[in-house]
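Reading through the structure tokens given below for one structure.
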Amino acid sequence: MPSGTQTGATPNDRSSSQTDEVSENPLSSPPNGVISSQGNAGDPASKPDQTGNDKTLPLSAGLYLVATPIGNLGDITFRAVDILKRAEIILCEDTRTSGKLLSRFGIKTKRIAYHEHNAEKMRPEIMDRLGKGQAIALISDAGTPLINDPGYKLVRDCQAAGHTVTTAPGACSPIVALILSGLPSDHFFYGGFLPPKSMARQKELTRFAAIPGSLIFLESPKRLAACLRDMADCLGGERPAAVTRELTKLFEEIRPGTLSELVAHYDEAGAPKGEVVIVVGPAPAGSNLPTADEIDDRLRILLQSNRTKDAADILARETGLKKRDLYNRALELGQDEDD
């Protein structure tokens with residue numbers, strides 16, 4: 001799933017004799033003239049030290065948000081590898097998963113787990129390390145950190161404390177799916193994972209129905225068919241969409257179609273394999289003027305998980321119709337079902 005760059009970086013307090021592997025020893029000041037202050041976005045690549053040995057200079061202190069490949073390992077950038085080798089610590093969602101990637105590129109930097117279950121506990125320790133002048137990299141299991149992963153609170157705290165925060169951008173599955181979908185990309189909204197239960201999922205989809213742009217969602221392959229059915233009900237079966245899976249990998253697939261067509265395909269084919277990203281195109285112009293039958297159908301869906309007043313409010317926002325009229329019609333539908 002971005003951060004701003006801050007100025008005022010200072011060099012790390014590591015000795016230039018250290019290798020890429022992080023030491024547990026306390027920080028020590030380098031000899032004068034060995035290490036020069038380096039920037040962030042313009043930070044130079046690793047180079048031999050002044051003794052001619054193949055050592056790397058330390059990074060400037062700060063937090064580095066480093067994107068990793070979402071499939072094809074060739075998508076990692078030279079700068080990402082350089083930062084990960086030169087950082088004191090790499091914060092990972094799963095140290096074992098990241099270990100496979102880091103080993104592939106000869107990166108020996110110490111790894112520490114940082115995920116949604118330990119973030120509150122770990123942030124003070126990370127802030128303390130940054131305060132001592134360390135350079136810390138943050139990666140996710142795959143793709144761009146903070147996109148559907150923890151991290152924004154750490155970025156916020158770093159910026160508030162005056163620590164440098166920068167990024168080495170790269171692969172991001174929602175953006176890859178969008179540009180491969182063939183759907184409009186001038187305006188888009190990233191919705192992440194929808195709720196696993198149908199009623200909660202429909203309620204969430206109604207919040208996004210009126211957004212004037214393409215919608216991007218992550219989904220489990222096992223829930224794909226059910227999710228597409230709810231999308232067809234809430235967003236309209238004729239709305240264009242695309243199911244993308246295994247992006248940048250050997251069996252990459254992009255399947256375009258209307259939501260109704262995609263429902264039919266996956267009902268018959270069953271759950272696909274691999275990671276899935278769904279892109280739904282914007283609602284066609286004029287589609288916010290539903291027929292009377294469509295209004296009734298939509299109200300019935302909304303009334304399953306909302307109070308009558310809330311259902312009318314949601315549909316009024318989606319269509320621009322008068323809330324009072326929709327509320328009265330919802331009451332009538334409720335009475336019909338009671339009878």
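Residue numbering restarts at 1 for every chain of the structure tokens, chains are lettered A, B, ... in their displayed order, and ligands are numbered from 1 as they appear.
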
>> Give me the residues near A:Thr144 as a list in words, where near means some atom within 8 Å (using only C-alpha atoms) and where sequence neighbours in that chain fewer than 3 positions away do not count.
In response: Met1, Leu65, Val66, Ala67, Thr68, Ile139, Ser140, Ile147, Pro169, Gly170, Ala171 and Cys172 of chain A

Selection: 8 Å around A:Asp296, only C-alpha atoms, excl. self and same-chain fewer than 6 positions, as a PDB file with N, CA, C and O atoms, in the first residue's frame:
ATOM      1  N   ARG A 329     -40.569   5.036   1.298  1.00  0.00           N
ATOM      2  CA  ARG A 329     -40.641   3.791   0.522  1.00  0.00           C
ATOM      3  C   ARG A 329     -40.060   2.627   1.317  1.00  0.00           C
ATOM      4  O   ARG A 329     -40.596   1.509   1.267  1.00  0.00           O
ATOM      5  N   ALA A 330     -39.016   2.860   2.083  1.00  0.00           N
ATOM      6  CA  ALA A 330     -38.435   1.805   2.909  1.00  0.00           C
ATOM      7  C   ALA A 330     -39.442   1.341   3.961  1.00  0.00           C
ATOM      8  O   ALA A 330     -39.539   0.135   4.257  1.00  0.00           O
ATOM      9  N   LEU A 333     -41.903  -0.924   2.230  1.00  0.00           N
ATOM     10  CA  LEU A 333     -41.335  -2.256   1.960  1.00  0.00           C
ATOM     11  C   LEU A 333     -41.313  -3.083   3.225  1.00  0.00           C
ATOM     12  O   LEU A 333     -41.574  -4.289   3.198  1.00  0.00           O
TER      13      LEU A 333
END

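With distances restricted to only C-alpha atoms, A:Val277 is the closest residue to A:Gly191 from A:Ile126, A:Ala226, A:Val277, A:Ala311.
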
> Quick one: residues within 12 Å of stretch 100-102 of chain A, only C-alpha atoms counted, chain neighbours fewer than 4 positions away excluded, as a PyMOL selection string?
Replying inline: chain A and resi 68-76+80-85+90+92+94-96+106-111+139-142

>> I'd like the neighbourhood of A:Gly131 as a ChimeraX atom specification, where a residue qualifies if any of its atoms comes within 10 Å (using only C-alpha atoms), though same-chain residues fewer than 6 positions away should be ignored.
In response: /A:61-62,125,158,161-163

> When DSSP works through the backbone of this structure, what residues of stretch 98-329 of chain A end up as helix (DSSP H, G or I), shown as a PyMOL selection string?
Replying inline: chain A and resi 98-104+119-131+152-161+173-181+198-208+221-235+259-269+292-303+308-319+323-329

> Got a sec to tell me which of stretch 75-290 of chain A DSSP assigns to strand (DSSP E), as a VMD selection string?
Replying inline: chain A and resid 89 to 92 110 to 113 135 to 138 165 to 168 188 to 193 214 to 219 240 to 245 253 to 258 276 to 280

For the residues selected in the previous step, produce a file with N, CA and C atoms as a short mmCIF file (atom, residue, chain, number, x, y, z; two decimals), in the first residue's frame.
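Final output, selection-v9.cif:
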data_model
loop_
_atom_site.label_atom_id
_atom_site.label_comp_id
_atom_site.auth_asym_id
_atom_site.auth_seq_id
_atom_site.Cartn_x
_atom_site.Cartn_y
_atom_site.Cartn_z
N ILE A 89 18.95 -1.85 11.07
CA ILE A 89 17.86 -2.78 11.38
C ILE A 89 16.87 -2.77 10.21
N ILE A 90 16.29 -3.93 9.93
CA ILE A 90 15.17 -4.02 8.98
C ILE A 90 13.94 -4.48 9.75
N LEU A 91 12.90 -3.67 9.75
CA LEU A 91 11.63 -4.05 10.36
C LEU A 91 10.81 -4.82 9.33
N CYS A 92 10.36 -6.02 9.68
CA CYS A 92 9.65 -6.90 8.75
C CYS A 92 8.31 -7.33 9.33
N LYS A 110 20.33 -7.26 10.36
CA LYS A 110 19.47 -7.83 11.38
C LYS A 110 18.01 -7.50 11.12
N ARG A 111 17.15 -8.49 11.33
CA ARG A 111 15.72 -8.32 11.10
C ARG A 111 14.96 -8.34 12.44
N ILE A 112 13.99 -7.47 12.55
CA ILE A 112 13.11 -7.43 13.73
C ILE A 112 11.66 -7.42 13.24
N ALA A 113 10.80 -8.22 13.87
CA ALA A 113 9.39 -8.27 13.50
C ALA A 113 8.68 -6.99 13.92
N ALA A 135 19.87 4.09 11.40
CA ALA A 135 19.10 4.07 10.15
C ALA A 135 18.29 2.78 10.15
N ILE A 136 16.99 2.91 10.03
CA ILE A 136 16.10 1.76 10.13
C ILE A 136 15.25 1.67 8.87
N ALA A 137 15.21 0.47 8.28
CA ALA A 137 14.39 0.24 7.08
C ALA A 137 13.12 -0.50 7.48
N LEU A 138 12.01 -0.17 6.85
CA LEU A 138 10.73 -0.85 7.07
C LEU A 138 10.28 -1.46 5.77
N VAL A 165 12.26 10.85 7.49
CA VAL A 165 11.49 9.75 6.91
C VAL A 165 11.54 9.89 5.39
N THR A 166 11.92 8.83 4.72
CA THR A 166 11.96 8.86 3.26
C THR A 166 11.60 7.47 2.74
N THR A 167 11.54 7.32 1.43
CA THR A 167 11.12 6.05 0.85
C THR A 167 11.93 5.69 -0.37
N ALA A 168 12.08 4.39 -0.58
CA ALA A 168 12.62 3.85 -1.83
C ALA A 168 11.44 3.17 -2.51
N PHE A 188 -9.22 7.06 -8.84
CA PHE A 188 -9.42 5.73 -8.28
C PHE A 188 -9.41 5.77 -6.76
N PHE A 189 -9.99 4.73 -6.17
CA PHE A 189 -10.09 4.62 -4.72
C PHE A 189 -9.65 3.23 -4.31
N TYR A 190 -8.74 3.14 -3.34
CA TYR A 190 -8.26 1.86 -2.85
C TYR A 190 -9.01 1.48 -1.58
N GLY A 191 -9.75 0.37 -1.63
CA GLY A 191 -10.57 -0.04 -0.50
C GLY A 191 -9.97 -1.15 0.35
N GLY A 192 -8.80 -1.67 -0.03
CA GLY A 192 -8.18 -2.74 0.74
C GLY A 192 -9.03 -3.99 0.76
N PHE A 193 -8.99 -4.72 1.88
CA PHE A 193 -9.81 -5.93 2.05
C PHE A 193 -11.20 -5.53 2.54
N SER A 214 -12.48 4.46 -10.43
CA SER A 214 -12.31 3.02 -10.32
C SER A 214 -12.06 2.64 -8.86
N LEU A 215 -12.57 1.47 -8.47
CA LEU A 215 -12.44 0.97 -7.10
C LEU A 215 -11.50 -0.23 -7.11
N ILE A 216 -10.59 -0.28 -6.14
CA ILE A 216 -9.59 -1.35 -6.08
C ILE A 216 -9.72 -2.06 -4.74
N PHE A 217 -9.82 -3.41 -4.78
CA PHE A 217 -9.96 -4.19 -3.57
C PHE A 217 -9.04 -5.41 -3.61
N LEU A 218 -8.55 -5.80 -2.45
CA LEU A 218 -7.88 -7.08 -2.29
C LEU A 218 -8.91 -8.11 -1.83
N GLU A 219 -8.71 -9.37 -2.23
CA GLU A 219 -9.67 -10.38 -1.81
C GLU A 219 -9.03 -11.76 -1.75
N PRO A 240 -18.34 -2.43 -15.35
CA PRO A 240 -17.12 -3.10 -15.83
C PRO A 240 -16.16 -3.35 -14.68
N ALA A 241 -15.41 -4.45 -14.79
CA ALA A 241 -14.48 -4.80 -13.72
C ALA A 241 -13.38 -5.68 -14.30
N ALA A 242 -12.43 -6.03 -13.47
CA ALA A 242 -11.37 -6.96 -13.84
C ALA A 242 -10.88 -7.66 -12.59
N VAL A 243 -10.67 -8.95 -12.69
CA VAL A 243 -10.05 -9.72 -11.62
C VAL A 243 -8.62 -10.01 -12.05
N THR A 244 -7.67 -9.57 -11.25
CA THR A 244 -6.26 -9.80 -11.54
C THR A 244 -5.69 -10.71 -10.46
N ARG A 245 -4.78 -11.59 -10.87
CA ARG A 245 -4.18 -12.48 -9.87
C ARG A 245 -2.74 -12.80 -10.25
N GLU A 253 -2.61 -13.33 -14.43
CA GLU A 253 -3.86 -13.36 -15.21
C GLU A 253 -4.65 -12.09 -14.96
N ILE A 254 -5.17 -11.52 -16.04
CA ILE A 254 -6.08 -10.38 -15.95
C ILE A 254 -7.36 -10.78 -16.68
N ARG A 255 -8.46 -10.86 -15.94
CA ARG A 255 -9.74 -11.28 -16.54
C ARG A 255 -10.73 -10.13 -16.47
N PRO A 256 -10.97 -9.44 -17.59
CA PRO A 256 -11.95 -8.35 -17.61
C PRO A 256 -13.36 -8.87 -17.87
N GLY A 257 -14.35 -8.05 -17.55
CA GLY A 257 -15.74 -8.38 -17.82
C GLY A 257 -16.64 -7.55 -16.94
N THR A 258 -17.95 -7.67 -17.16
CA THR A 258 -18.87 -7.01 -16.24
C THR A 258 -18.88 -7.81 -14.93
N VAL A 276 -5.24 -12.15 -5.22
CA VAL A 276 -6.24 -11.55 -6.10
C VAL A 276 -6.42 -10.07 -5.77
N VAL A 277 -6.50 -9.26 -6.83
CA VAL A 277 -6.87 -7.86 -6.71
C VAL A 277 -8.03 -7.61 -7.68
N ILE A 278 -9.11 -7.02 -7.19
CA ILE A 278 -10.29 -6.72 -8.01
C ILE A 278 -10.31 -5.23 -8.30
N VAL A 279 -10.53 -4.88 -9.56
CA VAL A 279 -10.70 -3.48 -9.95
C VAL A 279 -12.09 -3.34 -10.56
N VAL A 280 -12.87 -2.39 -10.06
CA VAL A 280 -14.22 -2.13 -10.57
C VAL A 280 -14.23 -0.73 -11.18
#

>> I'd like the neighbourhood of A:Glu246 as JSON, numbers by chain, where a residue qualifies if any of its atoms comes within 6 Å (using only C-alpha atoms), though same-chain residues fewer than 4 positions away should be ignored.
In response: {"A": [252, 274, 275]}
